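This is data.cif. It holds mmCIF, N, CA and C atoms.
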```cif
data_data
#
loop_
_atom_site.group_PDB
_atom_site.id
_atom_site.type_symbol
_atom_site.label_atom_id
_atom_site.label_comp_id
_atom_site.auth_asym_id
_atom_site.auth_seq_id
_atom_site.Cartn_x
_atom_site.Cartn_y
_atom_site.Cartn_z
ATOM 1 N N MET A 25 -30.893 -1.822 25.405
ATOM 2 C CA MET A 25 -29.887 -2.721 25.935
ATOM 3 C C MET A 25 -28.544 -1.993 25.934
ATOM 4 N N LYS A 26 -27.902 -1.961 27.065
ATOM 5 C CA LYS A 26 -26.610 -1.283 27.214
ATOM 6 C C LYS A 26 -25.477 -2.290 27.034
ATOM 7 N N PHE A 27 -24.520 -1.932 26.190
ATOM 8 C CA PHE A 27 -23.334 -2.773 26.007
ATOM 9 C C PHE A 27 -22.145 -1.886 25.719
ATOM 10 N N THR A 28 -20.965 -2.473 25.816
ATOM 11 C CA THR A 28 -19.713 -1.771 25.566
ATOM 12 C C THR A 28 -18.866 -2.616 24.623
ATOM 13 N N TYR A 29 -18.201 -1.949 23.712
ATOM 14 C CA TYR A 29 -17.248 -2.648 22.853
ATOM 15 C C TYR A 29 -15.923 -2.735 23.597
ATOM 16 N N CYS A 30 -15.305 -3.905 23.552
ATOM 17 C CA CYS A 30 -14.025 -4.146 24.206
ATOM 18 C C CYS A 30 -13.085 -4.825 23.223
ATOM 19 N N MET A 31 -11.805 -4.503 23.344
ATOM 20 C CA MET A 31 -10.809 -5.154 22.508
ATOM 21 C C MET A 31 -10.534 -6.550 23.055
ATOM 22 N N ARG A 32 -10.440 -7.493 22.164
ATOM 23 C CA ARG A 32 -10.030 -8.847 22.557
ATOM 24 C C ARG A 32 -8.649 -9.111 21.985
ATOM 25 N N CYS A 33 -7.911 -9.975 22.643
ATOM 26 C CA CYS A 33 -6.547 -10.300 22.268
ATOM 27 C C CYS A 33 -6.427 -11.824 22.231
ATOM 28 N N ASP A 34 -5.953 -12.350 21.127
ATOM 29 C CA ASP A 34 -5.810 -13.795 20.974
ATOM 30 C C ASP A 34 -4.420 -14.110 20.426
ATOM 31 N N THR A 35 -3.945 -15.301 20.721
ATOM 32 C CA THR A 35 -2.684 -15.787 20.192
ATOM 33 C C THR A 35 -2.986 -16.891 19.191
ATOM 34 N N VAL A 36 -2.409 -16.767 18.000
ATOM 35 C CA VAL A 36 -2.637 -17.750 16.946
ATOM 36 C C VAL A 36 -1.297 -18.180 16.355
ATOM 37 N N CYS A 37 -1.314 -19.294 15.659
ATOM 38 C CA CYS A 37 -0.137 -19.780 14.934
ATOM 39 C C CYS A 37 -0.415 -19.689 13.445
ATOM 40 N N ASP A 38 0.576 -19.224 12.695
ATOM 41 C CA ASP A 38 0.407 -19.186 11.249
ATOM 42 C C ASP A 38 0.795 -20.528 10.636
ATOM 43 N N GLU A 39 0.817 -20.590 9.308
ATOM 44 C CA GLU A 39 1.105 -21.842 8.602
ATOM 45 C C GLU A 39 2.497 -22.383 8.913
ATOM 46 N N GLU A 40 3.397 -21.483 9.262
ATOM 47 C CA GLU A 40 4.772 -21.879 9.560
ATOM 48 C C GLU A 40 4.998 -22.098 11.049
ATOM 49 N N LYS A 41 3.920 -22.179 11.808
ATOM 50 C CA LYS A 41 3.966 -22.408 13.269
ATOM 51 C C LYS A 41 4.548 -21.236 14.057
ATOM 52 N N ASN A 42 4.562 -20.050 13.451
ATOM 53 C CA ASN A 42 4.977 -18.846 14.169
ATOM 54 C C ASN A 42 3.798 -18.343 14.994
ATOM 55 N N VAL A 43 4.062 -18.033 16.249
ATOM 56 C CA VAL A 43 3.018 -17.535 17.137
ATOM 57 C C VAL A 43 2.923 -16.020 16.986
ATOM 58 N N CYS A 44 1.700 -15.514 16.844
ATOM 59 C CA CYS A 44 1.514 -14.071 16.782
ATOM 60 C C CYS A 44 0.256 -13.680 17.543
ATOM 61 N N THR A 45 0.207 -12.430 17.938
ATOM 62 C CA THR A 45 -0.936 -11.894 18.656
ATOM 63 C C THR A 45 -1.819 -11.147 17.674
ATOM 64 N N VAL A 46 -3.115 -11.395 17.760
ATOM 65 C CA VAL A 46 -4.092 -10.707 16.923
ATOM 66 C C VAL A 46 -5.160 -10.100 17.831
ATOM 67 N N TYR A 47 -5.853 -9.109 17.290
ATOM 68 C CA TYR A 47 -6.814 -8.360 18.084
ATOM 69 C C TYR A 47 -8.163 -8.321 17.391
ATOM 70 N N GLY A 48 -9.190 -8.294 18.189
ATOM 71 C CA GLY A 48 -10.541 -8.233 17.667
ATOM 72 C C GLY A 48 -11.403 -7.359 18.556
ATOM 73 N N ILE A 49 -12.714 -7.553 18.450
ATOM 74 C CA ILE A 49 -13.648 -6.722 19.192
ATOM 75 C C ILE A 49 -14.802 -7.578 19.701
ATOM 76 N N ASP A 50 -15.199 -7.320 20.934
ATOM 77 C CA ASP A 50 -16.363 -7.958 21.546
ATOM 78 C C ASP A 50 -17.356 -6.877 21.926
ATOM 79 N N ALA A 51 -18.627 -7.190 21.815
ATOM 80 C CA ALA A 51 -19.686 -6.344 22.362
ATOM 81 C C ALA A 51 -20.190 -7.062 23.606
ATOM 82 N N ILE A 52 -20.012 -6.408 24.763
ATOM 83 C CA ILE A 52 -20.324 -7.056 26.026
ATOM 84 C C ILE A 52 -21.393 -6.264 26.766
ATOM 85 N N ARG A 53 -22.448 -6.973 27.144
ATOM 86 C CA ARG A 53 -23.545 -6.373 27.886
ATOM 87 C C ARG A 53 -23.099 -6.081 29.318
ATOM 88 N N SER A 54 -23.808 -5.221 30.005
ATOM 89 C CA SER A 54 -23.425 -4.810 31.361
ATOM 90 C C SER A 54 -23.385 -5.969 32.352
ATOM 91 N N ASP A 55 -24.102 -7.060 32.064
ATOM 92 C CA ASP A 55 -24.065 -8.230 32.948
ATOM 93 C C ASP A 55 -22.947 -9.203 32.582
ATOM 94 N N GLY A 56 -22.104 -8.837 31.594
ATOM 95 C CA GLY A 56 -20.966 -9.658 31.200
ATOM 96 C C GLY A 56 -21.220 -10.589 30.032
ATOM 97 N N LYS A 57 -22.442 -10.663 29.564
ATOM 98 C CA LYS A 57 -22.745 -11.551 28.432
ATOM 99 C C LYS A 57 -22.183 -10.962 27.136
ATOM 100 N N VAL A 58 -21.490 -11.810 26.373
ATOM 101 C CA VAL A 58 -20.933 -11.389 25.082
ATOM 102 C C VAL A 58 -22.046 -11.472 24.040
ATOM 103 N N LEU A 59 -22.372 -10.330 23.460
ATOM 104 C CA LEU A 59 -23.432 -10.258 22.457
ATOM 105 C C LEU A 59 -22.928 -10.563 21.059
ATOM 106 N N SER A 60 -21.690 -10.178 20.796
ATOM 107 C CA SER A 60 -21.085 -10.399 19.489
ATOM 108 C C SER A 60 -19.574 -10.380 19.665
ATOM 109 N N SER A 61 -18.877 -11.169 18.866
ATOM 110 C CA SER A 61 -17.435 -11.258 19.002
ATOM 111 C C SER A 61 -16.796 -11.484 17.636
ATOM 112 N N TYR A 62 -15.761 -10.701 17.366
ATOM 113 C CA TYR A 62 -14.989 -10.855 16.134
ATOM 114 C C TYR A 62 -13.522 -10.965 16.517
ATOM 115 N N ALA A 63 -12.944 -12.105 16.279
ATOM 116 C CA ALA A 63 -11.529 -12.337 16.590
ATOM 117 C C ALA A 63 -10.683 -12.099 15.340
ATOM 118 N N ASP A 64 -9.388 -11.908 15.535
ATOM 119 C CA ASP A 64 -8.426 -11.880 14.438
ATOM 120 C C ASP A 64 -8.778 -10.853 13.361
ATOM 121 N N VAL A 65 -9.081 -9.635 13.800
ATOM 122 C CA VAL A 65 -9.423 -8.565 12.862
ATOM 123 C C VAL A 65 -8.194 -7.713 12.551
ATOM 124 N N PHE A 66 -7.393 -7.429 13.579
ATOM 125 C CA PHE A 66 -6.229 -6.548 13.432
ATOM 126 C C PHE A 66 -4.963 -7.251 13.925
ATOM 127 N N PHE A 67 -3.836 -6.893 13.314
ATOM 128 C CA PHE A 67 -2.530 -7.335 13.807
ATOM 129 C C PHE A 67 -1.905 -6.274 14.706
ATOM 130 N N ASP A 68 -2.349 -5.046 14.575
ATOM 131 C CA ASP A 68 -1.781 -3.914 15.298
ATOM 132 C C ASP A 68 -2.662 -3.545 16.496
ATOM 133 N N ARG A 69 -2.078 -3.579 17.693
ATOM 134 C CA ARG A 69 -2.837 -3.296 18.914
ATOM 135 C C ARG A 69 -3.399 -1.869 18.911
ATOM 136 N N GLN A 70 -2.580 -0.903 18.511
ATOM 137 C CA GLN A 70 -3.021 0.491 18.521
ATOM 138 C C GLN A 70 -4.188 0.706 17.562
ATOM 139 N N GLN A 71 -4.137 0.082 16.418
ATOM 140 C CA GLN A 71 -5.236 0.190 15.455
ATOM 141 C C GLN A 71 -6.510 -0.409 16.042
ATOM 142 N N ALA A 72 -6.387 -1.545 16.720
ATOM 143 C CA ALA A 72 -7.547 -2.179 17.346
ATOM 144 C C ALA A 72 -8.123 -1.303 18.452
ATOM 145 N N GLU A 73 -7.248 -0.723 19.281
ATOM 146 C CA GLU A 73 -7.710 0.150 20.359
ATOM 147 C C GLU A 73 -8.449 1.363 19.806
ATOM 148 N N CYS A 74 -7.911 1.965 18.761
ATOM 149 C CA CYS A 74 -8.566 3.118 18.127
ATOM 150 C C CYS A 74 -9.931 2.741 17.569
ATOM 151 N N PHE A 75 -10.008 1.579 16.947
ATOM 152 C CA PHE A 75 -11.267 1.116 16.367
ATOM 153 C C PHE A 75 -12.322 0.912 17.458
ATOM 154 N N VAL A 76 -11.935 0.251 18.543
ATOM 155 C CA VAL A 76 -12.872 0.008 19.647
ATOM 156 C C VAL A 76 -13.329 1.327 20.250
ATOM 157 N N ASN A 77 -12.404 2.255 20.460
ATOM 158 C CA ASN A 77 -12.760 3.562 21.009
ATOM 159 C C ASN A 77 -13.727 4.301 20.099
ATOM 160 N N MET A 78 -13.485 4.245 18.791
ATOM 161 C CA MET A 78 -14.362 4.893 17.828
ATOM 162 C C MET A 78 -15.783 4.312 17.909
ATOM 163 N N CYS A 79 -15.868 2.993 18.027
ATOM 164 C CA CYS A 79 -17.189 2.344 18.118
ATOM 165 C C CYS A 79 -17.926 2.769 19.381
ATOM 166 N N ASN A 80 -17.209 2.844 20.497
ATOM 167 C CA ASN A 80 -17.833 3.256 21.754
ATOM 168 C C ASN A 80 -18.216 4.733 21.736
ATOM 169 N N GLU A 81 -17.307 5.588 21.296
ATOM 170 C CA GLU A 81 -17.574 7.024 21.280
ATOM 171 C C GLU A 81 -18.711 7.374 20.325
ATOM 172 N N GLY A 82 -18.800 6.642 19.219
ATOM 173 C CA GLY A 82 -19.856 6.879 18.250
ATOM 174 C C GLY A 82 -21.152 6.161 18.569
ATOM 175 N N LYS A 83 -21.150 5.405 19.675
ATOM 176 C CA LYS A 83 -22.338 4.633 20.086
ATOM 177 C C LYS A 83 -22.858 3.784 18.916
ATOM 178 N N LEU A 84 -21.929 3.077 18.285
ATOM 179 C CA LEU A 84 -22.256 2.256 17.126
ATOM 180 C C LEU A 84 -23.280 1.193 17.485
ATOM 181 N N ALA A 85 -24.351 1.129 16.726
ATOM 182 C CA ALA A 85 -25.365 0.096 16.923
ATOM 183 C C ALA A 85 -24.769 -1.258 16.557
ATOM 184 N N LEU A 86 -25.072 -2.258 17.340
ATOM 185 C CA LEU A 86 -24.523 -3.599 17.145
ATOM 186 C C LEU A 86 -24.826 -4.138 15.748
ATOM 187 N N ILE A 87 -25.944 -3.788 15.214
ATOM 188 C CA ILE A 87 -26.345 -4.279 13.886
ATOM 189 C C ILE A 87 -25.379 -3.806 12.792
ATOM 190 N N HIS A 88 -24.654 -2.719 13.046
ATOM 191 C CA HIS A 88 -23.737 -2.169 12.042
ATOM 192 C C HIS A 88 -22.280 -2.612 12.231
ATOM 193 N N LEU A 89 -22.000 -3.354 13.300
ATOM 194 C CA LEU A 89 -20.615 -3.695 13.614
ATOM 195 C C LEU A 89 -19.921 -4.447 12.481
ATOM 196 N N SER A 90 -20.545 -5.457 11.916
ATOM 197 C CA SER A 90 -19.872 -6.239 10.876
ATOM 198 C C SER A 90 -19.542 -5.385 9.653
ATOM 199 N N SER A 91 -20.428 -4.472 9.280
ATOM 200 C CA SER A 91 -20.176 -3.599 8.136
ATOM 201 C C SER A 91 -19.023 -2.636 8.414
ATOM 202 N N VAL A 92 -18.962 -2.124 9.646
ATOM 203 C CA VAL A 92 -17.899 -1.196 10.000
ATOM 204 C C VAL A 92 -16.551 -1.912 10.033
ATOM 205 N N ILE A 93 -16.554 -3.162 10.496
ATOM 206 C CA ILE A 93 -15.316 -3.953 10.464
ATOM 207 C C ILE A 93 -14.858 -4.159 9.026
ATOM 208 N N GLU A 94 -15.768 -4.515 8.153
ATOM 209 C CA GLU A 94 -15.420 -4.697 6.736
ATOM 210 C C GLU A 94 -14.826 -3.434 6.166
ATOM 211 N N ASP A 95 -15.438 -2.281 6.469
ATOM 212 C CA ASP A 95 -14.943 -1.005 5.967
ATOM 213 C C ASP A 95 -13.543 -0.699 6.507
ATOM 214 N N ALA A 96 -13.293 -1.038 7.769
ATOM 215 C CA ALA A 96 -11.994 -0.767 8.388
ATOM 216 C C ALA A 96 -10.894 -1.602 7.750
ATOM 217 N N LEU A 97 -11.231 -2.752 7.197
ATOM 218 C CA LEU A 97 -10.245 -3.645 6.609
ATOM 219 C C LEU A 97 -9.952 -3.349 5.149
ATOM 220 N N GLU A 98 -10.733 -2.490 4.540
ATOM 221 C CA GLU A 98 -10.514 -2.165 3.127
ATOM 222 C C GLU A 98 -9.403 -1.186 2.937
#
```

Could you express the structure from this file as structure tokens?
Amino acid sequence: MKFTYCMRCDTVCDEEKNVCTVYGIDAIRSDGKVLSSYADVFFDRQQAECFVNMCNEGKLALIHLSSVIEDALE
């Protein structure tokens, strides 16, 4: 099954009603179906872009995505 990791961008409000942009990652199949999605992983766009690129370049298996996200947040 062929898929690509893509950065997602969401707008959220914090406890004080401040609006901020957060970034996550989606695994999207070639037909457009979202296989897996993680929102609100990064606050920094550049960090999110680097992470997504690393996953694509390394051909990360979807089964390992959650573990790699956990490692990136430590």

Hey, what's within 5 Å of range 57-69 of chain A if we count only N, CA and C atoms and toss same-chain stuff fewer than 4 positions away? As an mmCIF file with N, CA and C atoms, in the frame of the given file, please?
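Saved result, part-v1.cif, follows:
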```cif
data_model
loop_
_atom_site.group_PDB
_atom_site.id
_atom_site.type_symbol
_atom_site.label_atom_id
_atom_site.label_comp_id
_atom_site.auth_asym_id
_atom_site.auth_seq_id
_atom_site.Cartn_x
_atom_site.Cartn_y
_atom_site.Cartn_z
ATOM 1 N N VAL A 46 -3.115 -11.395 17.760
ATOM 2 C CA VAL A 46 -4.092 -10.707 16.923
ATOM 3 C C VAL A 46 -5.160 -10.100 17.831
ATOM 4 N N TYR A 47 -5.853 -9.109 17.290
ATOM 5 C CA TYR A 47 -6.814 -8.360 18.084
ATOM 6 C C TYR A 47 -8.163 -8.321 17.391
ATOM 7 N N GLY A 48 -9.190 -8.294 18.189
ATOM 8 C CA GLY A 48 -10.541 -8.233 17.667
ATOM 9 C C GLY A 48 -11.403 -7.359 18.556
ATOM 10 N N ILE A 49 -12.714 -7.553 18.450
ATOM 11 C CA ILE A 49 -13.648 -6.722 19.192
ATOM 12 C C ILE A 49 -14.802 -7.578 19.701
ATOM 13 N N ASP A 50 -15.199 -7.320 20.934
ATOM 14 C CA ASP A 50 -16.363 -7.958 21.546
ATOM 15 C C ASP A 50 -17.356 -6.877 21.926
ATOM 16 N N ALA A 51 -18.627 -7.190 21.815
ATOM 17 C CA ALA A 51 -19.686 -6.344 22.362
ATOM 18 C C ALA A 51 -20.190 -7.062 23.606
ATOM 19 N N ILE A 52 -20.012 -6.408 24.763
ATOM 20 C CA ILE A 52 -20.324 -7.056 26.026
ATOM 21 C C ILE A 52 -21.393 -6.264 26.766
ATOM 22 N N ARG A 53 -22.448 -6.973 27.144
ATOM 23 C CA ARG A 53 -23.545 -6.373 27.886
ATOM 24 C C ARG A 53 -23.099 -6.081 29.318
ATOM 25 N N GLU A 73 -7.248 -0.723 19.281
ATOM 26 C CA GLU A 73 -7.710 0.150 20.359
ATOM 27 C C GLU A 73 -8.449 1.363 19.806
#
```

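Here CA of Gly82 in chain A stands at a distance of 11.3 Å from CA of Thr28 in chain A.
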
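Between CA of Cys33 in chain A and atom N of Phe75 in chain A there is a distance of 13.5 Å.
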
Can you tell me, as a PyMOL selection string, which residues in chain A count as strand (DSSP E) by DSSP? chain A and resi 27-37+43-53+58-66

Requested write-out: N, CA and C atoms of the selected residues, as an mmCIF file, in the coordinates of the input:
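Wrote it out as out18.cif, contents follow:
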```cif
data_model
loop_
_atom_site.group_PDB
_atom_site.id
_atom_site.type_symbol
_atom_site.label_atom_id
_atom_site.label_comp_id
_atom_site.auth_asym_id
_atom_site.auth_seq_id
_atom_site.Cartn_x
_atom_site.Cartn_y
_atom_site.Cartn_z
ATOM 1 N N PHE A 27 -24.520 -1.932 26.190
ATOM 2 C CA PHE A 27 -23.334 -2.773 26.007
ATOM 3 C C PHE A 27 -22.145 -1.886 25.719
ATOM 4 N N THR A 28 -20.965 -2.473 25.816
ATOM 5 C CA THR A 28 -19.713 -1.771 25.566
ATOM 6 C C THR A 28 -18.866 -2.616 24.623
ATOM 7 N N TYR A 29 -18.201 -1.949 23.712
ATOM 8 C CA TYR A 29 -17.248 -2.648 22.853
ATOM 9 C C TYR A 29 -15.923 -2.735 23.597
ATOM 10 N N CYS A 30 -15.305 -3.905 23.552
ATOM 11 C CA CYS A 30 -14.025 -4.146 24.206
ATOM 12 C C CYS A 30 -13.085 -4.825 23.223
ATOM 13 N N MET A 31 -11.805 -4.503 23.344
ATOM 14 C CA MET A 31 -10.809 -5.154 22.508
ATOM 15 C C MET A 31 -10.534 -6.550 23.055
ATOM 16 N N ARG A 32 -10.440 -7.493 22.164
ATOM 17 C CA ARG A 32 -10.030 -8.847 22.557
ATOM 18 C C ARG A 32 -8.649 -9.111 21.985
ATOM 19 N N CYS A 33 -7.911 -9.975 22.643
ATOM 20 C CA CYS A 33 -6.547 -10.300 22.268
ATOM 21 C C CYS A 33 -6.427 -11.824 22.231
ATOM 22 N N ASP A 34 -5.953 -12.350 21.127
ATOM 23 C CA ASP A 34 -5.810 -13.795 20.974
ATOM 24 C C ASP A 34 -4.420 -14.110 20.426
ATOM 25 N N THR A 35 -3.945 -15.301 20.721
ATOM 26 C CA THR A 35 -2.684 -15.787 20.192
ATOM 27 C C THR A 35 -2.986 -16.891 19.191
ATOM 28 N N VAL A 36 -2.409 -16.767 18.000
ATOM 29 C CA VAL A 36 -2.637 -17.750 16.946
ATOM 30 C C VAL A 36 -1.297 -18.180 16.355
ATOM 31 N N CYS A 37 -1.314 -19.294 15.659
ATOM 32 C CA CYS A 37 -0.137 -19.780 14.934
ATOM 33 C C CYS A 37 -0.415 -19.689 13.445
ATOM 34 N N VAL A 43 4.062 -18.033 16.249
ATOM 35 C CA VAL A 43 3.018 -17.535 17.137
ATOM 36 C C VAL A 43 2.923 -16.020 16.986
ATOM 37 N N CYS A 44 1.700 -15.514 16.844
ATOM 38 C CA CYS A 44 1.514 -14.071 16.782
ATOM 39 C C CYS A 44 0.256 -13.680 17.543
ATOM 40 N N THR A 45 0.207 -12.430 17.938
ATOM 41 C CA THR A 45 -0.936 -11.894 18.656
ATOM 42 C C THR A 45 -1.819 -11.147 17.674
ATOM 43 N N VAL A 46 -3.115 -11.395 17.760
ATOM 44 C CA VAL A 46 -4.092 -10.707 16.923
ATOM 45 C C VAL A 46 -5.160 -10.100 17.831
ATOM 46 N N TYR A 47 -5.853 -9.109 17.290
ATOM 47 C CA TYR A 47 -6.814 -8.360 18.084
ATOM 48 C C TYR A 47 -8.163 -8.321 17.391
ATOM 49 N N GLY A 48 -9.190 -8.294 18.189
ATOM 50 C CA GLY A 48 -10.541 -8.233 17.667
ATOM 51 C C GLY A 48 -11.403 -7.359 18.556
ATOM 52 N N ILE A 49 -12.714 -7.553 18.450
ATOM 53 C CA ILE A 49 -13.648 -6.722 19.192
ATOM 54 C C ILE A 49 -14.802 -7.578 19.701
ATOM 55 N N ASP A 50 -15.199 -7.320 20.934
ATOM 56 C CA ASP A 50 -16.363 -7.958 21.546
ATOM 57 C C ASP A 50 -17.356 -6.877 21.926
ATOM 58 N N ALA A 51 -18.627 -7.190 21.815
ATOM 59 C CA ALA A 51 -19.686 -6.344 22.362
ATOM 60 C C ALA A 51 -20.190 -7.062 23.606
ATOM 61 N N ILE A 52 -20.012 -6.408 24.763
ATOM 62 C CA ILE A 52 -20.324 -7.056 26.026
ATOM 63 C C ILE A 52 -21.393 -6.264 26.766
ATOM 64 N N ARG A 53 -22.448 -6.973 27.144
ATOM 65 C CA ARG A 53 -23.545 -6.373 27.886
ATOM 66 C C ARG A 53 -23.099 -6.081 29.318
ATOM 67 N N VAL A 58 -21.490 -11.810 26.373
ATOM 68 C CA VAL A 58 -20.933 -11.389 25.082
ATOM 69 C C VAL A 58 -22.046 -11.472 24.040
ATOM 70 N N LEU A 59 -22.372 -10.330 23.460
ATOM 71 C CA LEU A 59 -23.432 -10.258 22.457
ATOM 72 C C LEU A 59 -22.928 -10.563 21.059
ATOM 73 N N SER A 60 -21.690 -10.178 20.796
ATOM 74 C CA SER A 60 -21.085 -10.399 19.489
ATOM 75 C C SER A 60 -19.574 -10.380 19.665
ATOM 76 N N SER A 61 -18.877 -11.169 18.866
ATOM 77 C CA SER A 61 -17.435 -11.258 19.002
ATOM 78 C C SER A 61 -16.796 -11.484 17.636
ATOM 79 N N TYR A 62 -15.761 -10.701 17.366
ATOM 80 C CA TYR A 62 -14.989 -10.855 16.134
ATOM 81 C C TYR A 62 -13.522 -10.965 16.517
ATOM 82 N N ALA A 63 -12.944 -12.105 16.279
ATOM 83 C CA ALA A 63 -11.529 -12.337 16.590
ATOM 84 C C ALA A 63 -10.683 -12.099 15.340
ATOM 85 N N ASP A 64 -9.388 -11.908 15.535
ATOM 86 C CA ASP A 64 -8.426 -11.880 14.438
ATOM 87 C C ASP A 64 -8.778 -10.853 13.361
ATOM 88 N N VAL A 65 -9.081 -9.635 13.800
ATOM 89 C CA VAL A 65 -9.423 -8.565 12.862
ATOM 90 C C VAL A 65 -8.194 -7.713 12.551
ATOM 91 N N PHE A 66 -7.393 -7.429 13.579
ATOM 92 C CA PHE A 66 -6.229 -6.548 13.432
ATOM 93 C C PHE A 66 -4.963 -7.251 13.925
#
```

From a backbone DSSP assignment, name each residue in chain A labelled alpha helix (DSSP H), as a VMD selection string. chain A and resid 69 to 81 89 to 97

Atomic distance atom C of Val76 in chain A - CA of Val43 in chain A, expressed in Å with one decimal: 25.2 Å

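Each of A:Ile93, A:Cys79, A:Cys44, A:Ala72 was compared to Tyr29 in chain A using all atoms listed in the file, and A:Cys79 turns out to be the nearest.
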